[in-house]
Amino acid sequence: MKQQAITLVGTVQKLIDRSMSMQPQQVQIRIHLHEADHLYDELRIPNILGWEEGKTVEVTIRLLAAESTRAA
């Protein structure tokens, strides 16, 4: 079976400091999709790679295999 995935280009829009809540810093990534509504074109993920504001990044989203998904 062919792996289903999509890779999107985005820009690190801002760094979100969470040190007051003892959580790791997060990055907000704006995805470059013309079809996306403004409220749905951002991702927030932990900044474990040390990304900086203004950098261009690629985000890959892939479908997990059926045996690795949890029942809701």
# chains A, B, ... in the order shown; residues from 1 in each chain; ligands from 1
$ residues_around --residues "segment 50-63 of chain A" --least-positions-apart "5" --cutoff "12 Å" --atoms "only C-alpha atoms" --output "ChimeraX atom specification"
/A:1-16,24-32,42-45,68-69
$ select_by_dssp --residues "segment 19-71 of chain A" --states "helix (DSSP H, G or I)" --output "number ranges by chain"
A: 19-21, 38-40, 66-68
$ write_last_selection --atoms "N, CA and C atoms" --output "PDB file, in the first residue's frame"
ATOM      1  N   SER A  19       7.616  28.996  30.013  1.00  0.00           N
ATOM      2  CA  SER A  19       8.424  28.712  31.198  1.00  0.00           C
ATOM      3  C   SER A  19       7.658  28.933  32.501  1.00  0.00           C
ATOM      4  N   MET A  20       6.669  29.831  32.499  1.00  0.00           N
ATOM      5  CA  MET A  20       5.888  30.075  33.719  1.00  0.00           C
ATOM      6  C   MET A  20       5.049  28.849  34.084  1.00  0.00           C
ATOM      7  N   SER A  21       4.669  28.049  33.117  1.00  0.00           N
ATOM      8  CA  SER A  21       3.851  26.864  33.383  1.00  0.00           C
ATOM      9  C   SER A  21       4.683  25.573  33.360  1.00  0.00           C
ATOM     10  N   HIS A  38      -8.074  31.690   7.672  1.00  0.00           N
ATOM     11  CA  HIS A  38      -7.064  32.264   8.556  1.00  0.00           C
ATOM     12  C   HIS A  38      -6.961  31.511   9.887  1.00  0.00           C
ATOM     13  N   LEU A  39      -8.071  31.065  10.430  1.00  0.00           N
ATOM     14  CA  LEU A  39      -8.053  30.389  11.731  1.00  0.00           C
ATOM     15  C   LEU A  39      -7.479  28.979  11.660  1.00  0.00           C
ATOM     16  N   TYR A  40      -7.300  28.439  10.466  1.00  0.00           N
ATOM     17  CA  TYR A  40      -6.868  27.058  10.314  1.00  0.00           C
ATOM     18  C   TYR A  40      -5.531  26.906   9.602  1.00  0.00           C
ATOM     19  N   ALA A  66      -3.335   1.354  10.279  1.00  0.00           N
ATOM     20  CA  ALA A  66      -4.529   1.042  11.067  1.00  0.00           C
ATOM     21  C   ALA A  66      -4.169   0.411  12.417  1.00  0.00           C
ATOM     22  N   GLU A  67      -3.147  -0.409  12.503  1.00  0.00           N
ATOM     23  CA  GLU A  67      -2.800  -1.060  13.758  1.00  0.00           C
ATOM     24  C   GLU A  67      -2.170  -0.111  14.772  1.00  0.00           C
ATOM     25  N   SER A  68      -1.717   1.062  14.343  1.00  0.00           N
ATOM     26  CA  SER A  68      -1.094   1.997  15.270  1.00  0.00           C
ATOM     27  C   SER A  68      -2.049   3.097  15.740  1.00  0.00           C
TER      28      SER A  68
END
